[in-house]
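So this one's my_file-v3.cif, mmCIF, C-alpha atoms:
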data_work
loop_
_atom_site.group_PDB
_atom_site.id
_atom_site.type_symbol
_atom_site.label_atom_id
_atom_site.label_comp_id
_atom_site.auth_asym_id
_atom_site.auth_seq_id
_atom_site.Cartn_x
_atom_site.Cartn_y
_atom_site.Cartn_z
ATOM 1 C CA MET A 1 94.020 68.890 106.017
ATOM 2 C CA THR A 2 92.340 67.423 102.936
ATOM 3 C CA ALA A 3 89.332 69.393 101.713
ATOM 4 C CA TYR A 4 86.493 66.926 101.254
ATOM 5 C CA PRO A 5 83.274 67.724 99.366
ATOM 6 C CA LYS A 6 80.243 68.692 101.426
ATOM 7 C CA CYS A 7 78.097 65.630 101.851
ATOM 8 C CA SER A 8 74.494 64.564 102.473
ATOM 9 C CA LEU A 9 74.108 61.036 103.836
ATOM 10 C CA VAL A 10 70.783 59.566 102.669
ATOM 11 C CA THR A 11 69.288 56.292 103.876
ATOM 12 C CA PRO A 12 65.920 54.649 103.214
ATOM 13 C CA THR A 13 64.075 52.975 106.084
ATOM 14 C CA TYR A 14 60.853 51.077 106.634
ATOM 15 C CA ASN A 15 59.528 49.864 109.993
ATOM 16 C CA TRP A 16 62.765 48.676 111.556
ATOM 17 C CA PRO A 17 63.734 51.259 114.193
ATOM 18 C CA GLU A 18 66.022 48.775 115.997
ATOM 19 C CA ALA A 19 68.271 48.598 112.927
ATOM 20 C CA LEU A 20 67.969 52.324 112.218
ATOM 21 C CA GLU A 21 69.121 53.112 115.765
ATOM 22 C CA LEU A 22 72.350 51.160 115.231
ATOM 23 C CA LEU A 23 72.918 52.959 111.936
ATOM 24 C CA LEU A 24 72.458 56.344 113.629
ATOM 25 C CA LEU A 25 74.771 55.348 116.486
ATOM 26 C CA SER A 26 77.418 54.374 113.913
ATOM 27 C CA ILE A 27 77.093 57.839 112.348
ATOM 28 C CA LYS A 28 77.818 59.386 115.751
ATOM 29 C CA ASN A 29 81.060 57.357 115.825
ATOM 30 C CA GLN A 30 82.377 58.672 112.491
ATOM 31 C CA THR A 31 85.849 60.205 112.313
ATOM 32 C CA HIS A 32 84.469 62.625 109.690
ATOM 33 C CA PHE A 33 80.790 63.530 109.882
ATOM 34 C CA PRO A 34 78.489 64.018 106.901
ATOM 35 C CA ASP A 35 77.152 67.574 106.733
ATOM 36 C CA GLU A 36 73.582 66.334 107.147
ATOM 37 C CA VAL A 37 71.714 63.035 107.460
ATOM 38 C CA ILE A 38 68.380 62.471 105.720
ATOM 39 C CA ILE A 39 66.175 59.513 106.637
ATOM 40 C CA ALA A 40 64.029 58.598 103.613
ATOM 41 C CA ASP A 41 61.102 56.892 105.338
ATOM 42 C CA ASP A 42 58.827 54.804 103.099
ATOM 43 C CA GLY A 43 55.859 54.985 105.482
ATOM 44 C CA SER A 44 57.085 53.652 108.844
ATOM 45 C CA ARG A 45 54.956 53.663 111.994
ATOM 46 C CA ASP A 46 55.242 56.184 114.820
ATOM 47 C CA ASP A 47 58.014 54.273 116.629
ATOM 48 C CA THR A 48 60.478 55.199 113.865
ATOM 49 C CA ALA A 49 59.502 58.883 114.114
ATOM 50 C CA ALA A 50 59.908 58.719 117.902
ATOM 51 C CA LEU A 51 63.403 57.233 117.564
ATOM 52 C CA ILE A 52 64.496 59.944 115.115
ATOM 53 C CA LYS A 53 63.065 62.691 117.324
ATOM 54 C CA ARG A 54 64.986 61.303 120.314
ATOM 55 C CA MET A 55 68.234 61.015 118.343
ATOM 56 C CA GLN A 56 67.885 64.558 116.966
ATOM 57 C CA LYS A 57 68.367 66.011 120.468
ATOM 58 C CA ASP A 58 72.104 65.382 120.599
ATOM 59 C CA PHE A 59 72.974 64.362 117.045
ATOM 60 C CA PRO A 60 76.263 65.881 115.811
ATOM 61 C CA VAL A 61 74.824 67.130 112.481
ATOM 62 C CA PRO A 62 71.332 68.064 111.244
ATOM 63 C CA LEU A 63 69.142 64.928 111.134
ATOM 64 C CA TYR A 64 66.081 65.154 108.889
ATOM 65 C CA HIS A 65 63.103 62.816 108.575
ATOM 66 C CA ILE A 66 61.388 62.742 105.167
ATOM 67 C CA TRP A 67 58.232 60.593 105.338
ATOM 68 C CA HIS A 68 55.354 59.664 103.080
ATOM 69 C CA GLU A 69 52.379 57.360 103.613
ATOM 70 C CA ASP A 70 52.863 53.622 103.387
ATOM 71 C CA ASN A 71 51.713 52.471 99.948
ATOM 72 C CA LYS A 72 53.723 49.272 99.600
ATOM 73 C CA ASN A 73 57.292 49.659 98.340
ATOM 74 C CA GLN A 74 57.867 53.196 97.060
ATOM 75 C CA LYS A 75 61.579 53.456 97.728
ATOM 76 C CA PRO A 76 62.404 55.325 94.459
ATOM 77 C CA ALA A 77 59.870 58.032 95.343
ATOM 78 C CA ILE A 78 61.001 58.558 98.945
ATOM 79 C CA MET A 79 64.665 58.565 97.879
ATOM 80 C CA ASN A 80 63.897 61.170 95.209
ATOM 81 C CA LYS A 81 62.116 63.329 97.789
ATOM 82 C CA ALA A 82 65.060 63.000 100.185
ATOM 83 C CA ILE A 83 67.756 63.819 97.618
ATOM 84 C CA ALA A 84 65.657 66.697 96.249
ATOM 85 C CA SER A 85 65.809 68.171 99.761
ATOM 86 C CA ALA A 86 69.569 67.540 100.167
ATOM 87 C CA LYS A 87 71.610 70.720 100.650
ATOM 88 C CA TYR A 88 75.057 69.419 99.683
ATOM 89 C CA GLU A 89 76.928 68.525 96.509
ATOM 90 C CA TYR A 90 77.835 64.909 97.246
ATOM 91 C CA ILE A 91 75.405 62.113 98.143
ATOM 92 C CA VAL A 92 76.421 59.047 100.122
ATOM 93 C CA GLU A 93 73.699 56.390 99.986
ATOM 94 C CA ILE A 94 73.409 53.510 102.425
ATOM 95 C CA ASP A 95 70.551 51.251 103.550
ATOM 96 C CA GLY A 96 68.664 51.538 106.826
ATOM 97 C CA ASP A 97 69.982 48.155 107.995
ATOM 98 C CA ILE A 98 73.665 49.112 107.786
ATOM 99 C CA ILE A 99 76.252 49.721 110.516
ATOM 100 C CA MET A 100 79.160 51.829 109.296
ATOM 101 C CA HIS A 101 82.855 51.474 110.076
ATOM 102 C CA LYS A 102 84.036 54.623 111.877
ATOM 103 C CA ASP A 103 85.964 55.804 108.766
ATOM 104 C CA PHE A 104 83.139 55.097 106.306
ATOM 105 C CA ILE A 105 82.233 58.702 105.450
ATOM 106 C CA LYS A 106 85.876 59.778 105.326
ATOM 107 C CA ASP A 107 86.655 56.883 102.965
ATOM 108 C CA HIS A 108 83.920 57.804 100.486
ATOM 109 C CA LEU A 109 84.811 61.501 100.515
ATOM 110 C CA SER A 110 88.543 60.812 100.184
ATOM 111 C CA MET A 111 87.870 58.849 96.980
ATOM 112 C CA ALA A 112 85.273 61.217 95.486
ATOM 113 C CA GLU A 113 86.098 62.448 91.979
ATOM 114 C CA LYS A 114 84.105 64.420 89.418
ATOM 115 C CA LYS A 115 82.365 62.337 86.726
ATOM 116 C CA THR A 116 82.690 59.268 88.968
ATOM 117 C CA TYR A 117 80.422 57.274 91.262
ATOM 118 C CA LEU A 118 81.695 54.901 93.968
ATOM 119 C CA TYR A 119 80.362 51.576 95.177
ATOM 120 C CA GLY A 120 81.478 49.308 98.001
ATOM 121 C CA SER A 121 80.630 45.901 99.410
ATOM 122 C CA ARG A 122 79.268 44.769 102.758
ATOM 123 C CA VAL A 123 80.049 42.364 105.571
ATOM 124 C CA ASN A 124 77.026 40.278 106.556
ATOM 125 C CA ILE A 125 75.852 40.026 110.177
ATOM 126 C CA GLN A 126 74.275 36.598 110.614
ATOM 127 C CA GLU A 127 70.726 35.863 111.739
ATOM 128 C CA GLU A 128 71.716 33.937 114.864
ATOM 129 C CA TYR A 129 73.687 36.956 116.148
ATOM 130 C CA LEU A 130 70.822 39.463 115.968
ATOM 131 C CA LYS A 131 69.624 39.019 119.571
ATOM 132 C CA THR A 132 73.122 39.806 120.864
ATOM 133 C CA LEU A 133 73.573 42.636 118.349
ATOM 134 C CA PHE A 134 70.432 44.476 119.421
ATOM 135 C CA SER A 135 70.787 43.822 123.146
ATOM 136 C CA LYS A 136 74.366 45.160 123.158
ATOM 137 C CA LYS A 137 73.612 47.875 120.559
ATOM 138 C CA GLN A 138 76.894 46.867 118.990
ATOM 139 C CA THR A 139 78.359 49.187 116.356
ATOM 140 C CA HIS A 140 82.003 48.062 116.306
ATOM 141 C CA PHE A 141 83.237 44.993 114.419
ATOM 142 C CA HIS A 142 86.575 43.687 113.174
ATOM 143 C CA PHE A 143 88.055 40.676 111.375
ATOM 144 C CA LEU A 144 87.675 38.372 114.412
ATOM 145 C CA SER A 145 84.242 39.572 115.549
ATOM 146 C CA LYS A 146 81.534 37.015 116.301
ATOM 147 C CA GLY A 147 78.401 36.798 114.193
ATOM 148 C CA ILE A 148 79.749 37.895 110.809
ATOM 149 C CA LYS A 149 80.645 36.301 107.486
ATOM 150 C CA LYS A 150 82.647 37.591 104.490
ATOM 151 C CA ARG A 151 85.394 38.478 106.984
ATOM 152 C CA GLY A 152 87.851 39.555 104.291
ATOM 153 C CA ARG A 153 85.613 42.577 103.685
ATOM 154 C CA THR A 154 86.339 43.860 107.218
ATOM 155 C CA LEU A 155 89.931 44.704 106.251
ATOM 156 C CA ARG A 156 90.597 48.422 105.840
ATOM 157 C CA ILE A 157 93.908 48.911 104.004
ATOM 158 C CA PRO A 158 93.808 52.434 102.490
ATOM 159 C CA PHE A 159 96.957 52.182 100.352
ATOM 160 C CA LEU A 160 95.436 49.203 98.506
ATOM 161 C CA ALA A 161 92.152 50.996 97.869
ATOM 162 C CA ASN A 162 93.547 53.204 95.104
ATOM 163 C CA ARG A 163 94.589 50.335 92.858
ATOM 164 C CA TYR A 164 91.120 49.888 91.383
ATOM 165 C CA GLN A 165 90.614 51.467 87.945
ATOM 166 C CA LYS A 166 87.552 53.347 86.728
ATOM 167 C CA GLU A 167 84.936 51.302 84.885
ATOM 168 C CA ASP A 168 82.733 52.050 81.875
ATOM 169 C CA LYS A 169 80.262 49.239 82.599
ATOM 170 C CA ARG A 170 77.997 48.567 85.563
ATOM 171 C CA SER A 171 79.426 45.980 87.910
ATOM 172 C CA PRO A 172 77.325 43.056 89.165
ATOM 173 C CA LYS A 173 78.883 43.841 92.570
ATOM 174 C CA LEU A 174 77.021 47.185 92.745
ATOM 175 C CA ARG A 175 74.857 47.502 95.876
ATOM 176 C CA GLY A 176 72.700 50.472 96.825
ATOM 177 C CA CYS A 177 73.549 49.840 100.474
ATOM 178 C CA ASN A 178 77.019 51.342 99.906
ATOM 179 C CA MET A 179 77.491 53.883 97.133
ATOM 180 C CA SER A 180 78.019 57.584 96.475
ATOM 181 C CA PHE A 181 77.646 60.058 93.609
ATOM 182 C CA TRP A 182 77.422 63.769 92.825
ATOM 183 C CA ARG A 183 73.987 65.305 93.284
ATOM 184 C CA GLU A 184 74.299 67.247 90.014
ATOM 185 C CA ASP A 185 74.845 63.981 88.106
ATOM 186 C CA PHE A 186 71.810 62.428 89.830
ATOM 187 C CA LEU A 187 69.663 65.387 88.748
ATOM 188 C CA LYS A 188 70.941 65.169 85.144
ATOM 189 C CA VAL A 189 69.429 61.684 84.777
ATOM 190 C CA ASN A 190 66.301 62.670 86.786
ATOM 191 C CA GLY A 191 67.084 60.504 89.780
ATOM 192 C CA PHE A 192 65.396 57.227 90.618
ATOM 193 C CA ASN A 193 62.785 55.788 88.284
ATOM 194 C CA GLU A 194 59.404 55.770 90.016
ATOM 195 C CA SER A 195 57.989 53.545 87.271
ATOM 196 C CA LEU A 196 59.826 50.637 88.872
ATOM 197 C CA THR A 197 57.560 48.396 90.972
ATOM 198 C CA GLY A 198 58.300 46.785 94.326
ATOM 199 C CA TRP A 199 61.750 45.820 95.570
ATOM 200 C CA GLY A 200 64.961 45.830 93.581
ATOM 201 C CA ILE A 201 66.793 47.251 90.551
ATOM 202 C CA ASP A 202 66.154 50.945 91.382
ATOM 203 C CA ASP A 203 69.792 51.655 92.311
ATOM 204 C CA SER A 204 71.383 49.784 89.416
ATOM 205 C CA GLU A 205 68.946 51.263 86.869
ATOM 206 C CA MET A 206 69.781 54.792 88.034
ATOM 207 C CA ILE A 207 73.502 54.019 87.926
ATOM 208 C CA GLN A 208 73.114 52.698 84.373
ATOM 209 C CA ARG A 209 71.763 56.095 83.320
ATOM 210 C CA LEU A 210 74.772 57.764 84.967
ATOM 211 C CA ILE A 211 76.990 55.475 82.889
ATOM 212 C CA ASN A 212 74.991 56.423 79.785
ATOM 213 C CA ILE A 213 75.910 60.113 80.286
ATOM 214 C CA GLY A 214 79.592 59.268 80.689
ATOM 215 C CA ILE A 215 79.935 58.880 84.473
ATOM 216 C CA LYS A 216 82.435 56.164 85.364
ATOM 217 C CA GLY A 217 82.308 53.774 88.304
ATOM 218 C CA LYS A 218 85.001 52.974 90.824
ATOM 219 C CA ARG A 219 84.933 50.112 93.271
ATOM 220 C CA LEU A 220 85.670 50.801 96.927
ATOM 221 C CA LYS A 221 87.611 47.883 98.364
ATOM 222 C CA PHE A 222 89.723 48.014 101.547
ATOM 223 C CA LYS A 223 87.832 51.252 102.305
ATOM 224 C CA GLY A 224 84.179 52.202 102.832
ATOM 225 C CA ILE A 225 83.352 49.231 105.053
ATOM 226 C CA VAL A 226 79.777 48.514 106.181
ATOM 227 C CA TYR A 227 78.063 45.724 108.113
ATOM 228 C CA HIS A 228 74.653 44.556 106.858
ATOM 229 C CA ILE A 229 72.119 43.345 109.438
ATOM 230 C CA TYR A 230 70.442 40.103 108.392
ATOM 231 C CA HIS A 231 66.766 40.161 107.389
ATOM 232 C CA PRO A 232 64.541 37.832 105.347
ATOM 233 C CA GLU A 233 64.631 38.458 101.599
ATOM 234 C CA GLN A 234 62.191 40.997 100.200
ATOM 235 C CA ASP A 235 59.293 39.992 97.954
ATOM 236 C CA LYS A 236 60.730 39.694 94.436
ATOM 237 C CA SER A 237 57.470 38.887 92.640
ATOM 238 C CA HIS A 238 57.633 42.047 90.508
ATOM 239 C CA ILE A 239 61.353 42.081 89.847
ATOM 240 C CA HIS A 240 61.041 40.763 86.284
ATOM 241 C CA ILE A 241 59.152 43.965 85.333
ATOM 242 C CA ASN A 242 61.994 46.066 86.735
ATOM 243 C CA GLU A 243 64.564 43.936 84.931
ATOM 244 C CA ILE A 244 62.823 44.663 81.611
ATOM 245 C CA ILE A 245 63.040 48.420 82.313
ATOM 246 C CA GLU A 246 66.711 48.126 83.283
ATOM 247 C CA LYS A 247 67.485 46.104 80.128
ATOM 248 C CA GLU A 248 65.877 48.816 78.004
ATOM 249 C CA THR A 249 67.854 51.517 79.865
ATOM 250 C CA THR A 250 71.065 49.630 79.090
ATOM 251 C CA GLU A 251 70.383 48.681 75.478
ATOM 252 C CA LYS A 252 68.792 51.976 74.379
ATOM 253 C CA LYS A 253 71.281 54.038 76.415
ATOM 254 C CA VAL A 254 68.462 55.888 78.185
ATOM 255 C CA THR A 255 69.778 58.960 80.008
ATOM 256 C CA TYR A 256 66.618 60.597 81.371
ATOM 257 C CA ILE A 257 63.331 59.171 82.659
ATOM 258 C CA GLU A 258 60.017 60.977 82.916
ATOM 259 C CA ASN A 259 58.858 59.828 86.350
ATOM 260 C CA GLY A 260 61.756 61.013 88.477
ATOM 261 C CA VAL A 261 63.153 63.547 90.932
ATOM 262 C CA ASP A 262 62.264 66.709 88.989
ATOM 263 C CA GLN A 263 58.702 66.739 90.391
ATOM 264 C CA TYR A 264 60.089 67.479 93.880
ATOM 265 C CA LEU A 265 62.575 70.203 92.965
ATOM 266 C CA LYS A 266 61.783 73.807 93.754
ATOM 267 C CA ASN A 267 61.992 76.095 90.746
#
This structure in structure tokens:
Amino acid sequence: MTAYPKCSLVTPTYNWPEALELLLLSIKNQTHFPDEVIIADDGSRDDTAALIKRMQKDFPVPLYHIWHEDNKNQKPAIMNKAIASAKYEYIVEIDGDIIMHKDFIKDHLSMAEKKTYLYGSRVNIQEEYLKTLFSKKQTHFHFLSKGIKKRGRTLRIPFLANRYQKEDKRSPKLRGCNMSFWREDFLKVNGFNESLTGWGIDDSEMIQRLINIGIKGKRLKFKGIVYHIYHPEQDKSHIHINEIIEKETTEKKVTYIENGVDQYLKN
């Protein structure tokens, strides 16, 4: 049997327990479990805490809830707190509105390599299907399933997945909803940048710093399949500020930021 790295699955969430429940149910269906699951909660109401407490009773691995008070979008901070608490060497990051294919964790761990991060794509679940999705609590999809688009991304063909080469530059296809990296590399660049404001850019800016210390990227295609639950777009009014920070990180080859994960690490 292949020896996979020990893994912490980390997911941010904010006030959408219906989606989080489907994510957690999809974790219970995995052919290879993560070693722990950490919910990075950016200030959700009590109904999210109640869901997690209920799921903890028969969850197959330790399920942790890291919460801080709601102060608008503070995803970088709650993700830093969650990953600071992670016990294992490899971090798989997904979003709280994701449903995972049953082989998702196995696929990431089977492709994990030192000095490399992985990123995958997503299949979109359409808005008009949400009522059915939540009423059925559906966690299984395939190429012919109703309510999805980008159907080609449902195809899991492992022998084709290895054909992708490592990359020195950040791909525009990078999405924080489906990626993985080594915790030690994350700590070297001081994690997510808490100077970023509002929604967006936090994942790609952190990945750019990994690239700046020599970590290469590898695209997961035909493996690592996830289904993204439709929601209205987030407020992007501050994104230009984040884009300026990311541009500086890229052009000046920034490797370490001041306002990062180190403040949550135990000495």
- Task: Using all atoms listed in the file, find all polymer residues with an atom at most 12 Å away from the point (52.3, 53.1, 97.7); report them as a VMD selection string.
- Result: chain A and resid 42 to 43 68 to 78 194 to 198
Please, could you write that set of residues out with C-alpha atoms as a PDB file, in the frame of the given file?
ATOM      1  CA  ASP A  42      58.827  54.804 103.099  1.00  0.00           C
ATOM      2  CA  GLY A  43      55.859  54.985 105.482  1.00  0.00           C
ATOM      3  CA  HIS A  68      55.354  59.664 103.080  1.00  0.00           C
ATOM      4  CA  GLU A  69      52.379  57.360 103.613  1.00  0.00           C
ATOM      5  CA  ASP A  70      52.863  53.622 103.387  1.00  0.00           C
ATOM      6  CA  ASN A  71      51.713  52.471  99.948  1.00  0.00           C
ATOM      7  CA  LYS A  72      53.723  49.272  99.600  1.00  0.00           C
ATOM      8  CA  ASN A  73      57.292  49.659  98.340  1.00  0.00           C
ATOM      9  CA  GLN A  74      57.867  53.196  97.060  1.00  0.00           C
ATOM     10  CA  LYS A  75      61.579  53.456  97.728  1.00  0.00           C
ATOM     11  CA  PRO A  76      62.404  55.325  94.459  1.00  0.00           C
ATOM     12  CA  ALA A  77      59.870  58.032  95.343  1.00  0.00           C
ATOM     13  CA  ILE A  78      61.001  58.558  98.945  1.00  0.00           C
ATOM     14  CA  GLU A 194      59.404  55.770  90.016  1.00  0.00           C
ATOM     15  CA  SER A 195      57.989  53.545  87.271  1.00  0.00           C
ATOM     16  CA  LEU A 196      59.826  50.637  88.872  1.00  0.00           C
ATOM     17  CA  THR A 197      57.560  48.396  90.972  1.00  0.00           C
ATOM     18  CA  GLY A 198      58.300  46.785  94.326  1.00  0.00           C
TER      19      GLY A 198
END
- Query: Which residues fall under the PyMOL selection byres ((chain A and resi 91-93) around 10) in this file, as a PyMOL selection string?
  - Reply: chain A and resi 5-12+34+37-38+79+83+86-90+94-96+104-105+108-109+117-119+175-184+186+203
For the residues in that selection, give me C-alpha atoms as a PDB file, in the coordinates of the input.
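Listed below is the output, out_37.pdb:
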ATOM      1  CA  PRO A   5      83.274  67.724  99.366  1.00  0.00           C
ATOM      2  CA  LYS A   6      80.243  68.692 101.426  1.00  0.00           C
ATOM      3  CA  CYS A   7      78.097  65.630 101.851  1.00  0.00           C
ATOM      4  CA  SER A   8      74.494  64.564 102.473  1.00  0.00           C
ATOM      5  CA  LEU A   9      74.108  61.036 103.836  1.00  0.00           C
ATOM      6  CA  VAL A  10      70.783  59.566 102.669  1.00  0.00           C
ATOM      7  CA  THR A  11      69.288  56.292 103.876  1.00  0.00           C
ATOM      8  CA  PRO A  12      65.920  54.649 103.214  1.00  0.00           C
ATOM      9  CA  PRO A  34      78.489  64.018 106.901  1.00  0.00           C
ATOM     10  CA  VAL A  37      71.714  63.035 107.460  1.00  0.00           C
ATOM     11  CA  ILE A  38      68.380  62.471 105.720  1.00  0.00           C
ATOM     12  CA  MET A  79      64.665  58.565  97.879  1.00  0.00           C
ATOM     13  CA  ILE A  83      67.756  63.819  97.618  1.00  0.00           C
ATOM     14  CA  ALA A  86      69.569  67.540 100.167  1.00  0.00           C
ATOM     15  CA  LYS A  87      71.610  70.720 100.650  1.00  0.00           C
ATOM     16  CA  TYR A  88      75.057  69.419  99.683  1.00  0.00           C
ATOM     17  CA  GLU A  89      76.928  68.525  96.509  1.00  0.00           C
ATOM     18  CA  TYR A  90      77.835  64.909  97.246  1.00  0.00           C
ATOM     19  CA  ILE A  94      73.409  53.510 102.425  1.00  0.00           C
ATOM     20  CA  ASP A  95      70.551  51.251 103.550  1.00  0.00           C
ATOM     21  CA  GLY A  96      68.664  51.538 106.826  1.00  0.00           C
ATOM     22  CA  PHE A 104      83.139  55.097 106.306  1.00  0.00           C
ATOM     23  CA  ILE A 105      82.233  58.702 105.450  1.00  0.00           C
ATOM     24  CA  HIS A 108      83.920  57.804 100.486  1.00  0.00           C
ATOM     25  CA  LEU A 109      84.811  61.501 100.515  1.00  0.00           C
ATOM     26  CA  TYR A 117      80.422  57.274  91.262  1.00  0.00           C
ATOM     27  CA  LEU A 118      81.695  54.901  93.968  1.00  0.00           C
ATOM     28  CA  TYR A 119      80.362  51.576  95.177  1.00  0.00           C
ATOM     29  CA  ARG A 175      74.857  47.502  95.876  1.00  0.00           C
ATOM     30  CA  GLY A 176      72.700  50.472  96.825  1.00  0.00           C
ATOM     31  CA  CYS A 177      73.549  49.840 100.474  1.00  0.00           C
ATOM     32  CA  ASN A 178      77.019  51.342  99.906  1.00  0.00           C
ATOM     33  CA  MET A 179      77.491  53.883  97.133  1.00  0.00           C
ATOM     34  CA  SER A 180      78.019  57.584  96.475  1.00  0.00           C
ATOM     35  CA  PHE A 181      77.646  60.058  93.609  1.00  0.00           C
ATOM     36  CA  TRP A 182      77.422  63.769  92.825  1.00  0.00           C
ATOM     37  CA  ARG A 183      73.987  65.305  93.284  1.00  0.00           C
ATOM     38  CA  GLU A 184      74.299  67.247  90.014  1.00  0.00           C
ATOM     39  CA  PHE A 186      71.810  62.428  89.830  1.00  0.00           C
ATOM     40  CA  ASP A 203      69.792  51.655  92.311  1.00  0.00           C
TER      41      ASP A 203
END
Per residue of range 83-183 of chain A within 8 Å of range 223-229 of chain A, note the shortest atom pair and the distance in Å to one decimal, counting all atoms listed in the file, and order the rows by chain and increasing residue number, as a Markdown table.
| residue | atom | partner | partner_atom | distance |
| --- | --- | --- | --- | --- |
| A:Asp97 | CA | A:Ile229 | CA | 5.5 |
| A:Ile98 | CA | A:His228 | CA | 4.8 |
| A:Ile99 | CA | A:Tyr227 | CA | 5.0 |
| A:Met100 | CA | A:Val226 | CA | 4.6 |
| A:His101 | CA | A:Ile225 | CA | 5.5 |
| A:Asp103 | CA | A:Gly224 | CA | 7.2 |
| A:Phe104 | CA | A:Gly224 | CA | 4.6 |
| A:Ile105 | CA | A:Gly224 | CA | 7.3 |
| A:Asp107 | CA | A:Gly224 | CA | 5.3 |
| A:His108 | CA | A:Gly224 | CA | 6.1 |
| A:Gly120 | CA | A:Gly224 | CA | 6.2 |
| A:Ser121 | CA | A:Ile225 | CA | 7.1 |
| A:Arg122 | CA | A:Val226 | CA | 5.1 |
| A:Val123 | CA | A:Tyr227 | CA | 4.7 |
| A:Asn124 | CA | A:His228 | CA | 4.9 |
| A:Ile125 | CA | A:Ile229 | CA | 5.0 |
| A:Gln126 | CA | A:Ile229 | CA | 7.2 |
| A:Glu127 | CA | A:Ile229 | CA | 8.0 |
| A:Leu130 | CA | A:Ile229 | CA | 7.7 |
| A:Arg153 | CA | A:Ile225 | CA | 7.2 |
| A:Thr154 | CA | A:Ile225 | CA | 6.5 |
| A:Leu155 | CA | A:Lys223 | CA | 7.9 |
| A:Arg156 | CA | A:Lys223 | CA | 5.3 |
| A:Ile157 | CA | A:Lys223 | CA | 6.7 |
| A:Pro158 | CA | A:Lys223 | CA | 6.1 |
| A:Ala161 | CA | A:Lys223 | CA | 6.2 |
| A:Asn178 | CA | A:Val226 | CA | 7.4 |
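Between Val261 in chain A and the residues A:Ile245, A:Met206, A:Ala84, A:Met55, the shortest atom-to-atom distance, using only C-alpha atoms, involves A:Ala84.
Once the PyMOL selection byres ((chain A and resi 26) around 6) is applied to this file, the selection holds Leu23, Leu24, Leu25, Ile27, Lys28, Asn29, Ile99, Met100 and Thr139 of chain A.
Atom to atom, CA of Glu205 in chain A and CA of Thr249 in chain A stand 7.1 Å apart.
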- Would you work out the distance separating CA of Glu258 in chain A from CA of Ala40 in chain A, expressed in Å to one decimal?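 One can read the CA of Glu258 in chain A to CA of Ala40 in chain A distance as 21.2 Å.
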- Please, what distance in Å, to one decimal, runs between CA of Arg219 in chain A and CA of Tyr164 in chain A?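 Between CA of Arg219 in chain A and CA of Tyr164 in chain A the gap is 6.5 Å.
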- Query: Quick one: of A:Lys216, A:Lys221, A:His65, A:Lys136, who's nearest to Lys166 in chain A, counting all atoms listed in the file?
  - Reply: A:Lys216
When the PyMOL selection byres ((chain A and resi 46) around 12) is applied to the structure above, which residues does it catch, written out as a CSV table (one decimal) with C-alpha atoms, in the coordinates of the input?
chain,number,residue,atom,x,y,z
A,14,TYR,CA,60.9,51.1,106.6
A,15,ASN,CA,59.5,49.9,110.0
A,16,TRP,CA,62.8,48.7,111.6
A,17,PRO,CA,63.7,51.3,114.2
A,41,ASP,CA,61.1,56.9,105.3
A,43,GLY,CA,55.9,55.0,105.5
A,44,SER,CA,57.1,53.7,108.8
A,45,ARG,CA,55.0,53.7,112.0
A,47,ASP,CA,58.0,54.3,116.6
A,48,THR,CA,60.5,55.2,113.9
A,49,ALA,CA,59.5,58.9,114.1
A,50,ALA,CA,59.9,58.7,117.9
A,51,LEU,CA,63.4,57.2,117.6
A,52,ILE,CA,64.5,59.9,115.1
A,53,LYS,CA,63.1,62.7,117.3
A,67,TRP,CA,58.2,60.6,105.3
A,69,GLU,CA,52.4,57.4,103.6
A,70,ASP,CA,52.9,53.6,103.4
- Task: Give the answer as one residue: which of A:Ile211, A:Leu20, A:Ile66, A:Ala3 has the shortest atom-to-atom distance to Lys137 in chain A, using all atoms listed in the file?
- Result: A:Leu20
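Shortest atom-to-atom contact with Ala82 in chain A among A:Tyr64, A:Gln56, A:Ile241, A:Gly152: A:Tyr64, counting all atoms listed in the file.
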- Item | Nearest residue to Leu63 in chain A from the set A:Tyr256, A:Phe33, A:Phe134, A:Tyr4 (distances using all atoms listed in the file) |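 Checking each of A:Tyr256, A:Phe33, A:Phe134, A:Tyr4 against Leu63 in chain A, counting all atoms listed in the file, the winner is A:Phe33.
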